[in-house]
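Printed here is start_25.cif (mmCIF, C-alpha atoms):
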data_data
loop_
_atom_site.label_atom_id
_atom_site.label_comp_id
_atom_site.auth_asym_id
_atom_site.auth_seq_id
_atom_site.Cartn_x
_atom_site.Cartn_y
_atom_site.Cartn_z
CA MET B 1 14.97 1.06 -12.78
CA SER B 2 12.99 2.97 -10.19
CA ALA B 3 12.55 6.72 -10.05
CA ILE B 4 15.30 8.81 -8.50
CA ARG B 5 12.89 9.81 -5.79
CA GLY B 6 9.24 8.99 -5.41
CA ALA B 7 6.24 11.25 -5.62
CA VAL B 8 2.51 11.16 -5.33
CA ILE B 9 0.50 12.61 -8.19
CA TRP B 10 -2.79 13.35 -6.46
CA MET B 11 -5.44 13.85 -9.13
CA THR B 12 -8.50 15.65 -7.84
CA GLY B 13 -11.54 16.54 -9.91
CA LEU B 14 -15.14 15.76 -10.71
CA SER B 15 -16.36 12.35 -11.76
CA GLY B 16 -15.87 12.22 -15.52
CA ALA B 17 -13.16 14.90 -15.56
CA GLY B 18 -10.67 12.35 -16.87
CA LYS B 19 -8.65 11.41 -13.77
CA SER B 20 -8.48 7.66 -14.42
CA THR B 21 -7.77 8.11 -18.12
CA LEU B 22 -4.96 10.55 -17.41
CA ALA B 23 -3.63 8.37 -14.57
CA ASP B 24 -3.47 5.34 -16.84
CA ALA B 25 -1.77 7.32 -19.63
CA LEU B 26 0.86 8.71 -17.26
CA HIS B 27 1.43 5.27 -15.75
CA GLN B 28 1.86 3.75 -19.20
CA ARG B 29 4.42 6.36 -20.25
CA LEU B 30 6.42 5.95 -17.02
CA LYS B 31 6.30 2.19 -17.37
CA GLU B 32 7.61 2.30 -20.93
CA ALA B 33 10.50 4.40 -19.67
CA GLY B 34 11.23 1.85 -16.93
CA HIS B 35 10.08 3.96 -13.98
CA ALA B 36 8.23 2.34 -11.12
CA SER B 37 4.72 3.68 -10.87
CA ILE B 38 1.31 2.55 -9.70
CA VAL B 39 -2.21 3.83 -10.18
CA LEU B 40 -4.29 3.99 -7.03
CA ASP B 41 -7.77 4.41 -8.40
CA GLY B 42 -10.37 5.40 -5.82
CA ASP B 43 -13.07 3.32 -7.48
CA VAL B 44 -10.86 0.22 -7.65
CA LEU B 45 -9.62 0.53 -4.07
CA ARG B 46 -13.22 0.66 -2.88
CA ARG B 47 -13.43 -3.02 -3.80
CA GLY B 48 -10.57 -3.82 -1.41
CA LEU B 49 -8.71 -1.59 0.98
CA THR B 50 -11.59 0.80 1.43
CA ALA B 51 -14.49 -1.61 0.93
CA GLY B 52 -17.36 -0.89 3.26
CA LEU B 53 -16.91 2.85 3.17
CA GLY B 54 -19.60 5.00 1.59
CA PHE B 55 -19.73 8.58 0.39
CA THR B 56 -20.74 10.47 3.51
CA PRO B 57 -18.28 13.22 4.48
CA GLU B 58 -16.83 10.99 7.23
CA ASP B 59 -16.45 7.95 4.99
CA ARG B 60 -14.92 9.98 2.19
CA ALA B 61 -12.34 11.45 4.57
CA GLU B 62 -11.44 7.99 5.91
CA ASN B 63 -11.26 6.60 2.38
CA LEU B 64 -8.84 9.32 1.30
CA ARG B 65 -6.78 9.02 4.49
CA ARG B 66 -6.12 5.36 3.64
CA VAL B 67 -5.34 6.12 0.01
CA ALA B 68 -2.87 8.79 1.14
CA HIS B 69 -1.09 6.38 3.47
CA VAL B 70 -0.78 3.71 0.80
CA ALA B 71 0.41 6.28 -1.73
CA ALA B 72 3.03 7.41 0.79
CA LEU B 73 4.25 3.83 1.23
CA PHE B 74 4.78 3.47 -2.51
CA MET B 75 6.41 6.89 -2.76
CA GLN B 76 8.86 5.86 -0.04
CA GLN B 77 9.79 2.90 -2.23
CA GLY B 78 10.68 5.25 -5.09
CA PHE B 79 7.41 4.89 -6.98
CA ILE B 80 5.47 7.58 -8.74
CA ALA B 81 2.13 6.77 -7.09
CA ILE B 82 -0.79 8.19 -9.04
CA ALA B 83 -3.95 8.61 -6.97
CA ALA B 84 -7.11 9.16 -8.99
CA VAL B 85 -9.61 10.28 -6.39
CA ILE B 86 -12.34 12.93 -6.53
CA SER B 87 -11.27 14.24 -3.08
CA PRO B 88 -13.82 17.05 -3.27
CA ALA B 89 -12.92 19.07 -0.17
CA HIS B 90 -10.02 21.41 0.50
CA GLU B 91 -9.68 19.51 3.75
CA HIS B 92 -9.15 16.22 1.88
CA ARG B 93 -6.26 17.59 -0.15
CA ARG B 94 -4.78 19.31 2.89
CA MET B 95 -4.86 16.02 4.81
CA ALA B 96 -3.28 14.10 1.93
CA ARG B 97 -0.52 16.69 1.64
CA GLU B 98 0.14 16.44 5.35
CA ILE B 99 0.29 12.62 5.36
CA ILE B 100 2.45 12.43 2.25
CA GLY B 101 4.71 15.43 2.85
CA ASP B 102 7.42 16.32 0.35
CA GLY B 103 6.67 14.65 -2.93
CA PHE B 104 2.94 15.44 -2.87
CA VAL B 105 1.73 16.98 -6.13
CA GLU B 106 -1.81 18.28 -6.29
CA VAL B 107 -3.11 17.99 -9.83
CA PHE B 108 -6.48 19.54 -10.56
CA VAL B 109 -8.02 17.54 -13.38
CA ASN B 110 -10.42 20.20 -14.43
CA ALA B 111 -13.38 20.01 -16.77
CA PRO B 112 -16.59 21.99 -16.45
CA LEU B 113 -19.46 20.18 -14.80
CA THR B 114 -21.47 20.42 -18.01
CA VAL B 115 -18.68 18.63 -19.88
CA CYS B 116 -18.36 15.89 -17.23
CA GLU B 117 -22.11 15.46 -17.14
CA GLY B 118 -22.21 15.34 -20.92
CA ARG B 119 -19.64 12.52 -20.93
CA ASP B 120 -21.36 10.62 -18.08
CA VAL B 121 -19.51 7.43 -18.95
CA LYS B 122 -20.96 5.47 -16.04
CA GLY B 123 -24.43 6.99 -16.13
CA LEU B 124 -23.91 8.32 -12.62
CA TYR B 125 -24.82 11.92 -13.36
CA ALA B 126 -28.17 10.89 -14.77
CA ARG B 127 -28.85 8.85 -11.65
CA ALA B 128 -27.69 11.69 -9.41
CA ARG B 129 -29.99 14.14 -11.24
CA ARG B 130 -32.86 11.76 -10.59
CA GLY B 131 -32.01 12.02 -6.90
CA GLU B 132 -30.82 8.42 -6.70
CA ILE B 133 -27.29 9.16 -5.45
CA PRO B 134 -26.85 11.27 -2.34
CA HIS B 135 -23.50 13.04 -1.86
CA PHE B 136 -22.73 12.88 -5.59
CA THR B 137 -20.01 15.44 -6.13
CA GLY B 138 -21.15 18.38 -8.25
CA ILE B 139 -24.83 17.45 -8.10
CA SER B 140 -25.88 16.52 -4.59
CA GLY B 141 -22.52 17.12 -2.92
CA PRO B 142 -20.02 20.01 -2.94
CA PHE B 143 -16.73 20.28 -4.80
CA ASP B 144 -14.25 22.83 -3.50
CA VAL B 145 -12.39 24.13 -6.55
CA PRO B 146 -8.64 23.81 -5.80
CA LEU B 147 -7.31 27.31 -5.23
CA ASP B 148 -3.62 26.66 -5.72
CA PRO B 149 -2.98 23.27 -7.34
CA ASP B 150 0.58 22.39 -8.33
CA VAL B 151 -0.62 21.54 -11.83
CA MET B 152 -3.96 22.13 -13.52
CA ILE B 153 -5.02 20.12 -16.52
CA GLU B 154 -8.08 21.28 -18.42
CA THR B 155 -9.11 18.06 -20.06
CA ASP B 156 -11.54 19.72 -22.41
CA ARG B 157 -8.74 21.86 -23.87
CA VAL B 158 -5.58 19.76 -23.71
CA SER B 159 -4.89 16.37 -25.26
CA ILE B 160 -4.00 13.45 -23.01
CA GLU B 161 -0.53 13.38 -24.54
CA GLU B 162 0.06 17.05 -23.75
CA ALA B 163 -1.29 16.57 -20.25
CA VAL B 164 1.09 13.67 -19.62
CA ASP B 165 3.97 15.76 -20.99
CA ARG B 166 3.19 18.53 -18.52
CA LEU B 167 3.16 16.11 -15.62
CA LEU B 168 6.49 14.62 -16.73
CA VAL B 169 8.02 18.10 -16.91
CA HIS B 170 6.81 18.74 -13.39
CA LEU B 171 8.18 15.42 -12.11
CA THR B 172 11.52 16.07 -13.77
CA ALA B 173 11.75 19.52 -12.20
CA MET B 174 11.07 17.90 -8.82
CA GLY B 175 13.99 15.53 -9.31
CA CYS B 176 11.80 12.46 -9.66
CA LEU B 177 12.90 11.67 -13.20
CA PRO B 178 16.41 11.99 -14.63
CA ARG B 179 16.78 15.02 -16.88
CA GLU B 180 18.68 13.01 -19.44
CA SER B 181 15.71 10.67 -19.97
CA GLY B 182 14.10 13.24 -22.22
CA LEU B 183 10.79 12.22 -20.66
CA GLY B 184 10.26 15.59 -19.12
CA LYS B 185 11.04 17.62 -22.21
CA PRO B 186 8.10 19.23 -23.94
CA ARG B 187 7.71 17.69 -27.38
CA LEU B 188 8.10 19.77 -30.49
CA ALA B 189 4.81 20.67 -32.06
CA LYS B 190 4.02 18.40 -34.96
CA MET L 191 16.05 -5.36 -10.04
CA SER L 192 12.70 -6.47 -8.70
CA ALA L 193 11.78 -10.03 -7.86
CA ILE L 194 10.75 -12.38 -10.65
CA ARG L 195 7.34 -12.61 -9.08
CA GLY L 196 6.09 -11.12 -5.88
CA ALA L 197 5.05 -12.84 -2.70
CA VAL L 198 3.73 -12.05 0.73
CA ILE L 199 5.61 -13.48 3.67
CA TRP L 200 2.91 -13.37 6.34
CA MET L 201 4.61 -13.76 9.72
CA THR L 202 2.21 -14.79 12.44
CA GLY L 203 3.15 -15.38 16.06
CA LEU L 204 3.04 -14.10 19.61
CA SER L 205 4.30 -10.71 20.64
CA GLY L 206 8.02 -11.16 21.31
CA ALA L 207 8.33 -14.25 19.12
CA GLY L 208 10.72 -12.38 16.83
CA LYS L 209 8.53 -11.41 13.86
CA SER L 210 9.86 -7.86 13.42
CA THR L 211 13.47 -8.93 13.92
CA LEU L 212 13.15 -11.70 11.37
CA ALA L 213 11.24 -9.44 8.97
CA ASP L 214 13.97 -6.81 9.11
CA ALA L 215 16.70 -9.41 8.62
CA LEU L 216 14.95 -10.93 5.60
CA HIS L 217 14.32 -7.48 4.16
CA GLN L 218 17.96 -6.52 4.62
CA ARG L 219 19.20 -9.66 2.86
CA LEU L 220 16.79 -9.20 -0.05
CA LYS L 221 17.75 -5.54 -0.34
CA GLU L 222 21.45 -6.38 -0.46
CA ALA L 223 20.71 -8.75 -3.30
CA GLY L 224 18.78 -6.07 -5.18
CA HIS L 225 15.32 -7.53 -4.71
CA ALA L 226 12.39 -5.23 -4.05
CA SER L 227 10.93 -5.87 -0.63
CA ILE L 228 9.07 -4.00 2.06
CA VAL L 229 8.32 -4.69 5.70
CA LEU L 230 4.72 -4.07 6.72
CA ASP L 231 4.96 -4.04 10.49
CA GLY L 232 1.63 -4.17 12.29
CA ASP L 233 2.83 -1.88 15.06
CA VAL L 234 4.15 0.71 12.62
CA LEU L 235 1.06 0.68 10.39
CA ARG L 236 -1.10 1.34 13.44
CA ARG L 237 0.37 4.85 13.43
CA GLY L 238 -0.91 5.45 9.91
CA LEU L 239 -3.04 3.25 7.70
CA THR L 240 -4.71 1.48 10.60
CA ALA L 241 -4.63 4.30 13.16
CA GLY L 242 -7.75 4.42 15.27
CA LEU L 243 -8.22 0.66 15.36
CA GLY L 244 -7.86 -1.16 18.66
CA PHE L 245 -7.43 -4.80 19.60
CA THR L 246 -10.97 -6.03 19.85
CA PRO L 247 -11.69 -9.01 17.59
CA GLU L 248 -13.49 -6.74 15.12
CA ASP L 249 -10.73 -4.14 15.03
CA ARG L 250 -8.01 -6.77 14.69
CA ALA L 251 -9.80 -8.34 11.74
CA GLU L 252 -10.19 -4.95 10.03
CA ASN L 253 -6.55 -4.11 10.77
CA LEU L 254 -5.37 -7.34 9.16
CA ARG L 255 -7.76 -6.99 6.23
CA ARG L 256 -6.11 -3.66 5.36
CA VAL L 257 -2.59 -5.02 5.84
CA ALA L 258 -3.44 -7.91 3.52
CA HIS L 259 -4.73 -5.57 0.82
CA VAL L 260 -1.62 -3.37 0.99
CA ALA L 261 0.64 -6.44 0.97
CA ALA L 262 -1.21 -7.66 -2.12
CA LEU L 263 -0.65 -4.32 -3.89
CA PHE L 264 3.10 -4.56 -3.27
CA MET L 265 3.18 -8.23 -4.30
CA GLN L 266 1.48 -7.31 -7.56
CA GLN L 267 4.35 -4.87 -8.17
CA GLY L 268 6.85 -7.71 -7.83
CA PHE L 269 7.79 -7.02 -4.21
CA ILE L 270 8.43 -9.53 -1.49
CA ALA L 271 6.08 -7.93 1.06
CA ILE L 272 6.85 -9.05 4.59
CA ALA L 273 3.93 -8.62 6.98
CA ALA L 274 4.86 -8.86 10.66
CA VAL L 275 1.49 -9.17 12.36
CA ILE L 276 0.39 -11.27 15.32
CA SER L 277 -2.79 -12.27 13.43
CA PRO L 278 -3.84 -14.58 16.26
CA ALA L 279 -6.87 -16.29 14.73
CA HIS L 280 -7.11 -19.01 12.09
CA GLU L 281 -9.74 -16.77 10.53
CA HIS L 282 -7.23 -13.92 10.16
CA ARG L 283 -4.76 -16.04 8.24
CA ARG L 284 -7.53 -17.57 6.15
CA MET L 285 -8.76 -14.09 5.22
CA ALA L 286 -5.25 -12.90 4.35
CA ARG L 287 -4.68 -15.95 2.16
CA GLU L 288 -7.95 -15.33 0.37
CA ILE L 289 -7.21 -11.63 -0.25
CA ILE L 290 -3.65 -12.26 -1.38
CA GLY L 291 -4.12 -15.48 -3.30
CA ASP L 292 -1.17 -17.18 -4.97
CA GLY L 293 2.02 -15.88 -3.47
CA PHE L 294 0.77 -15.95 0.13
CA VAL L 295 3.24 -17.69 2.45
CA GLU L 296 2.16 -18.34 6.02
CA VAL L 297 5.19 -18.30 8.28
CA PHE L 298 4.65 -19.32 11.87
CA VAL L 299 7.24 -17.45 13.93
CA ASN L 300 7.09 -19.77 16.86
CA ALA L 301 8.48 -19.36 20.34
CA PRO L 302 6.92 -20.69 23.54
CA LEU L 303 4.89 -18.18 25.49
CA THR L 304 7.31 -18.49 28.41
CA VAL L 305 10.18 -17.49 26.12
CA CYS L 306 8.27 -14.53 24.65
CA GLU L 307 7.20 -13.43 28.10
CA GLY L 308 10.76 -13.78 29.35
CA ARG L 309 12.00 -11.49 26.55
CA ASP L 310 9.19 -8.96 27.07
CA VAL L 311 11.09 -6.29 25.17
CA LYS L 312 8.29 -3.74 25.38
CA GLY L 313 7.14 -4.61 28.90
CA LEU L 314 3.73 -5.52 27.50
CA TYR L 315 3.52 -8.98 29.05
CA ALA L 316 4.09 -7.55 32.54
CA ARG L 317 1.33 -5.04 31.94
CA ALA L 318 -0.97 -7.71 30.52
CA ARG L 319 -0.33 -9.93 33.57
CA ARG L 320 -1.33 -7.01 35.76
CA GLY L 321 -4.59 -6.92 33.85
CA GLU L 322 -3.81 -3.61 32.21
CA ILE L 323 -4.13 -4.80 28.59
CA PRO L 324 -7.33 -6.50 27.49
CA HIS L 325 -7.16 -8.76 24.44
CA PHE L 326 -3.40 -9.24 24.83
CA THR L 327 -2.57 -12.30 22.76
CA GLY L 328 -1.44 -15.25 24.87
CA ILE L 329 -2.45 -13.66 28.17
CA SER L 330 -5.88 -12.09 27.96
CA GLY L 331 -6.62 -13.05 24.37
CA PRO L 332 -6.43 -16.31 22.38
CA PHE L 333 -3.79 -17.42 19.88
CA ASP L 334 -4.77 -20.17 17.47
CA VAL L 335 -1.62 -22.17 16.82
CA PRO L 336 -1.23 -22.44 13.02
CA LEU L 337 -2.02 -26.00 12.03
CA ASP L 338 -0.40 -26.10 8.63
CA PRO L 339 1.92 -23.14 8.08
CA ASP L 340 4.01 -23.05 4.91
CA VAL L 341 7.13 -22.47 6.99
CA MET L 342 7.67 -22.68 10.74
CA ILE L 343 10.59 -20.91 12.40
CA GLU L 344 11.30 -21.76 16.01
CA THR L 345 13.13 -18.65 17.07
CA ASP L 346 14.38 -20.14 20.31
CA ARG L 347 16.15 -22.92 18.37
CA VAL L 348 17.27 -21.42 15.09
CA SER L 349 19.53 -18.42 14.46
CA ILE L 350 18.17 -15.46 12.57
CA GLU L 351 20.60 -16.19 9.77
CA GLU L 352 19.37 -19.76 9.44
CA ALA L 353 15.79 -18.60 9.58
CA VAL L 354 16.39 -16.12 6.76
CA ASP L 355 18.11 -18.85 4.74
CA ARG L 356 15.07 -21.09 5.08
CA LEU L 357 12.75 -18.34 3.89
CA LEU L 358 15.00 -17.63 0.92
CA VAL L 359 14.98 -21.31 -0.02
CA HIS L 360 11.19 -21.26 0.11
CA LEU L 361 10.97 -18.09 -2.00
CA THR L 362 13.37 -19.54 -4.55
CA ALA L 363 11.33 -22.74 -4.80
CA MET L 364 8.24 -20.59 -5.41
CA GLY L 365 9.97 -18.87 -8.31
CA CYS L 366 10.20 -15.52 -6.54
CA LEU L 367 14.00 -15.43 -6.59
CA PRO L 368 16.26 -16.52 -9.41
CA ARG L 369 17.97 -19.83 -8.68
CA GLU L 370 21.28 -18.52 -9.93
CA SER L 371 21.33 -15.79 -7.28
CA GLY L 372 22.57 -18.28 -4.74
CA LEU L 373 20.33 -16.53 -2.22
CA GLY L 374 18.13 -19.53 -1.77
CA LYS L 375 20.94 -22.03 -1.30
CA PRO L 376 21.46 -23.30 2.23
CA ARG L 377 24.88 -22.16 3.42
CA LEU L 378 27.56 -24.62 4.27
CA ALA L 379 27.96 -25.15 7.96
CA LYS L 380 30.84 -23.13 9.32
#

Would you give me this structure, written as structure tokens?
Amino acid sequence: MSAIRGAVIWMTGLSGAGKSTLADALHQRLKEAGHASIVLDGDVLRRGLTAGLGFTPEDRAENLRRVAHVAALFMQQGFIAIAAVISPAHEHRRMAREIIGDGFVEVFVNAPLTVCEGRDVKGLYARARRGEIPHFTGISGPFDVPLDPDVMIETDRVSIEEAVDRLLVHLTAMGCLPRESGLGKPRLAK
Amino acid sequence: MSAIRGAVIWMTGLSGAGKSTLADALHQRLKEAGHASIVLDGDVLRRGLTAGLGFTPEDRAENLRRVAHVAALFMQQGFIAIAAVISPAHEHRRMAREIIGDGFVEVFVNAPLTVCEGRDVKGLYARARRGEIPHFTGISGPFDVPLDPDVMIETDRVSIEEAVDRLLVHLTAMGCLPRESGLGKPRLAK
């Protein structure tokens, strides 16, 4: 029932870019197909494993270090572990890749800042603009645009379904999903 | 293939009491039977997830807090997560139980200090006696004897095979293993 081999889908991108939504959709599709997967959502983990850490550069790095180690543990068990974490710095992604090793997939969940700010689901951008949130990525903190991600998903141009399809194709090519499952085949246009 | 419901086997006890050995044996037996399980060994995790933490009371508590959260994540995925961690204080076990909730099984891996010190596989007791290791449980640091563990295994009196059998019986009674597997049935004496 588990994947042939595990992987870590490391979703990086601005707040509001659609990481959690895409992570949940991918997880759901894998689950329906009987593949072991888990979503490691940065915001959720901050209530447990990484509680007590803030958003300073040091705390962010430590937060992501722990997420990477947990993701690696699940990958080693054959899971597709889906990390939904802003991970704004090149250094963060480099560290995660190093901890996780083979099986690490950097996915840039990309939407323009204006789009993310327009969505502002949690009202965080408005607060950050008012100067209430220091180190808020894109407003009061930097975001290093990934230079060579394994997959880029432009969430303002691609539907969630298409985005999930592209990730499944990638996972199939990596040998994480059986080719005969049909999961990793691009769907015919409707 | 995974367990009916997950659980955390939290093995507490002195260094040298046999936690890792018992954890590996239980894991092996569960694996052979096709049940998802993972060993979370305190010593191993200190190279990754909990790297940088020492053995002061504060660091130990933080170490065990993280182990408990990771164990809970695996339990929620249907795993039997086996934590092999000294966890010397009542407070540590109480915290782990609170984080993990239903499914937490406190297993006291019990051997007299003299026996553990006699084994001294890693030479740590000798070093602790020479005053080289502060906060070494049983020598230069306290160990609160568990007052009401769910299972107690006296490793100087019971074989590993018997000990594993007892844990499987407990897991079966909890509904974590199917009764028809025969895994949780005490073996006939040979």

Pull out every residue of chain L sitting within 7 Å of chain B, counting only C-alpha atoms, and send them as a ChimeraX atom specification.
-> /L:238-239,256,259

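Here the question is which of B:Gly141, B:Ala84, B:Pro146, B:Leu113 gets nearest to Asp43 in chain B using only C-alpha atoms, and that residue is B:Ala84.
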
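The space between CA of Glu351 in chain L and CA of Gly196 in chain L spans 21.9 Å.
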
Test item: axis-aligned box, all listed atoms of range 198-214 of chain L, 4 Å on each side, centre and edges in Å rounded to one decimal, as lines of an AutoDock Vina configuration file:
center_x = 8.1
center_y = -11.1
center_z = 11.0
size_x = 19.8
size_y = 16.6
size_z = 28.6

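Taken over the shown file, the PyMOL selection byres ((chain L and resi 244) around 12) identifies L:Gly232, L:Asp233, L:Arg236, L:Arg237, L:Thr240, L:Ala241, L:Gly242, L:Leu243, L:Phe245, L:Thr246, L:Pro247, L:Glu248, L:Asp249, L:Arg250, L:Ala251, L:Glu252, L:Asn253, L:Leu254, L:Ile323, L:Pro324, L:His325, L:Phe326.
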
Starting from the displayed file, determine the output of the PyMOL selection byres ((chain L and resi 280) around 12) and express the residue list as a PDB file with C-alpha atoms, keeping the file's coordinate frame.
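Saved the output as part-v6.pdb:
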ATOM      1  CA  THR L 202       2.210 -14.790  12.440  1.00  0.00           C
ATOM      2  CA  GLY L 203       3.150 -15.380  16.060  1.00  0.00           C
ATOM      3  CA  ALA L 251      -9.800  -8.340  11.740  1.00  0.00           C
ATOM      4  CA  ILE L 276       0.390 -11.270  15.320  1.00  0.00           C
ATOM      5  CA  SER L 277      -2.790 -12.270  13.430  1.00  0.00           C
ATOM      6  CA  PRO L 278      -3.840 -14.580  16.260  1.00  0.00           C
ATOM      7  CA  ALA L 279      -6.870 -16.290  14.730  1.00  0.00           C
ATOM      8  CA  GLU L 281      -9.740 -16.770  10.530  1.00  0.00           C
ATOM      9  CA  HIS L 282      -7.230 -13.920  10.160  1.00  0.00           C
ATOM     10  CA  ARG L 283      -4.760 -16.040   8.240  1.00  0.00           C
ATOM     11  CA  ARG L 284      -7.530 -17.570   6.150  1.00  0.00           C
ATOM     12  CA  MET L 285      -8.760 -14.090   5.220  1.00  0.00           C
ATOM     13  CA  ALA L 286      -5.250 -12.900   4.350  1.00  0.00           C
ATOM     14  CA  ARG L 287      -4.680 -15.950   2.160  1.00  0.00           C
ATOM     15  CA  GLU L 296       2.160 -18.340   6.020  1.00  0.00           C
ATOM     16  CA  PHE L 298       4.650 -19.320  11.870  1.00  0.00           C
ATOM     17  CA  PRO L 332      -6.430 -16.310  22.380  1.00  0.00           C
ATOM     18  CA  PHE L 333      -3.790 -17.420  19.880  1.00  0.00           C
ATOM     19  CA  ASP L 334      -4.770 -20.170  17.470  1.00  0.00           C
ATOM     20  CA  VAL L 335      -1.620 -22.170  16.820  1.00  0.00           C
ATOM     21  CA  PRO L 336      -1.230 -22.440  13.020  1.00  0.00           C
ATOM     22  CA  LEU L 337      -2.020 -26.000  12.030  1.00  0.00           C
ATOM     23  CA  ASP L 338      -0.400 -26.100   8.630  1.00  0.00           C
ATOM     24  CA  PRO L 339       1.920 -23.140   8.080  1.00  0.00           C
TER      25      PRO L 339
END

Shell around Arg130 in chain B at 12 Å using all atoms listed in the file, local window under 6 positions removed, as a ChimeraX atom specification = /B:123-124,136,139-140

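Run against this file, the PyMOL selection byres ((chain L and resi 197) around 7) gives back Arg195, Gly196, Val198, Ile199, Met265, Phe269, Ile270, Ala271, Gly293, Phe294 and Cys366 of chain L.
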
Mind giving me the straight-line distance from CA of Arg219 in chain L to CA of Thr362 in chain L in Å, one decimal?
-> 13.7 Å

If you count only C-alpha atoms, which residues fall within 12 Å of range 22-27 of chain B, apart from same-chain ones fewer than 2 positions away, as a PDB file with C-alpha atoms, in the frame of the given file?
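Final output, saved to out_24.pdb:
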ATOM      1  CA  VAL B   8       2.510  11.160  -5.330  1.00  0.00           C
ATOM      2  CA  ILE B   9       0.500  12.610  -8.190  1.00  0.00           C
ATOM      3  CA  TRP B  10      -2.790  13.350  -6.460  1.00  0.00           C
ATOM      4  CA  MET B  11      -5.440  13.850  -9.130  1.00  0.00           C
ATOM      5  CA  THR B  12      -8.500  15.650  -7.840  1.00  0.00           C
ATOM      6  CA  GLY B  13     -11.540  16.540  -9.910  1.00  0.00           C
ATOM      7  CA  GLY B  16     -15.870  12.220 -15.520  1.00  0.00           C
ATOM      8  CA  ALA B  17     -13.160  14.900 -15.560  1.00  0.00           C
ATOM      9  CA  GLY B  18     -10.670  12.350 -16.870  1.00  0.00           C
ATOM     10  CA  LYS B  19      -8.650  11.410 -13.770  1.00  0.00           C
ATOM     11  CA  SER B  20      -8.480   7.660 -14.420  1.00  0.00           C
ATOM     12  CA  ARG B  29       4.420   6.360 -20.250  1.00  0.00           C
ATOM     13  CA  LEU B  30       6.420   5.950 -17.020  1.00  0.00           C
ATOM     14  CA  LYS B  31       6.300   2.190 -17.370  1.00  0.00           C
ATOM     15  CA  GLU B  32       7.610   2.300 -20.930  1.00  0.00           C
ATOM     16  CA  ALA B  33      10.500   4.400 -19.670  1.00  0.00           C
ATOM     17  CA  GLY B  34      11.230   1.850 -16.930  1.00  0.00           C
ATOM     18  CA  HIS B  35      10.080   3.960 -13.980  1.00  0.00           C
ATOM     19  CA  ALA B  36       8.230   2.340 -11.120  1.00  0.00           C
ATOM     20  CA  SER B  37       4.720   3.680 -10.870  1.00  0.00           C
ATOM     21  CA  ILE B  38       1.310   2.550  -9.700  1.00  0.00           C
ATOM     22  CA  VAL B  39      -2.210   3.830 -10.180  1.00  0.00           C
ATOM     23  CA  LEU B  40      -4.290   3.990  -7.030  1.00  0.00           C
ATOM     24  CA  ASP B  41      -7.770   4.410  -8.400  1.00  0.00           C
ATOM     25  CA  GLY B  42     -10.370   5.400  -5.820  1.00  0.00           C
ATOM     26  CA  PHE B  79       7.410   4.890  -6.980  1.00  0.00           C
ATOM     27  CA  ILE B  80       5.470   7.580  -8.740  1.00  0.00           C
ATOM     28  CA  ALA B  81       2.130   6.770  -7.090  1.00  0.00           C
ATOM     29  CA  ILE B  82      -0.790   8.190  -9.040  1.00  0.00           C
ATOM     30  CA  ALA B  83      -3.950   8.610  -6.970  1.00  0.00           C
ATOM     31  CA  ALA B  84      -7.110   9.160  -8.990  1.00  0.00           C
ATOM     32  CA  VAL B  85      -9.610  10.280  -6.390  1.00  0.00           C
ATOM     33  CA  VAL B 107      -3.110  17.990  -9.830  1.00  0.00           C
ATOM     34  CA  PHE B 108      -6.480  19.540 -10.560  1.00  0.00           C
ATOM     35  CA  VAL B 109      -8.020  17.540 -13.380  1.00  0.00           C
ATOM     36  CA  ASN B 110     -10.420  20.200 -14.430  1.00  0.00           C
ATOM     37  CA  ILE B 153      -5.020  20.120 -16.520  1.00  0.00           C
ATOM     38  CA  GLU B 154      -8.080  21.280 -18.420  1.00  0.00           C
ATOM     39  CA  THR B 155      -9.110  18.060 -20.060  1.00  0.00           C
ATOM     40  CA  VAL B 158      -5.580  19.760 -23.710  1.00  0.00           C
ATOM     41  CA  SER B 159      -4.890  16.370 -25.260  1.00  0.00           C
ATOM     42  CA  ILE B 160      -4.000  13.450 -23.010  1.00  0.00           C
ATOM     43  CA  GLU B 161      -0.530  13.380 -24.540  1.00  0.00           C
ATOM     44  CA  GLU B 162       0.060  17.050 -23.750  1.00  0.00           C
ATOM     45  CA  ALA B 163      -1.290  16.570 -20.250  1.00  0.00           C
ATOM     46  CA  VAL B 164       1.090  13.670 -19.620  1.00  0.00           C
ATOM     47  CA  ASP B 165       3.970  15.760 -20.990  1.00  0.00           C
ATOM     48  CA  ARG B 166       3.190  18.530 -18.520  1.00  0.00           C
ATOM     49  CA  LEU B 167       3.160  16.110 -15.620  1.00  0.00           C
ATOM     50  CA  LEU B 168       6.490  14.620 -16.730  1.00  0.00           C
ATOM     51  CA  VAL B 169       8.020  18.100 -16.910  1.00  0.00           C
ATOM     52  CA  LEU B 171       8.180  15.420 -12.110  1.00  0.00           C
ATOM     53  CA  LEU B 183      10.790  12.220 -20.660  1.00  0.00           C
ATOM     54  CA  GLY B 184      10.260  15.590 -19.120  1.00  0.00           C
TER      55      GLY B 184
END

Please work out which residues fall within 6 Å of (6.3, -11.8, 24.9), coordinates as given in the file, with all atoms listed in the file counting, and return them as a PyMOL selection string.
-> chain L and resi 205-206+306-307+309-310+315
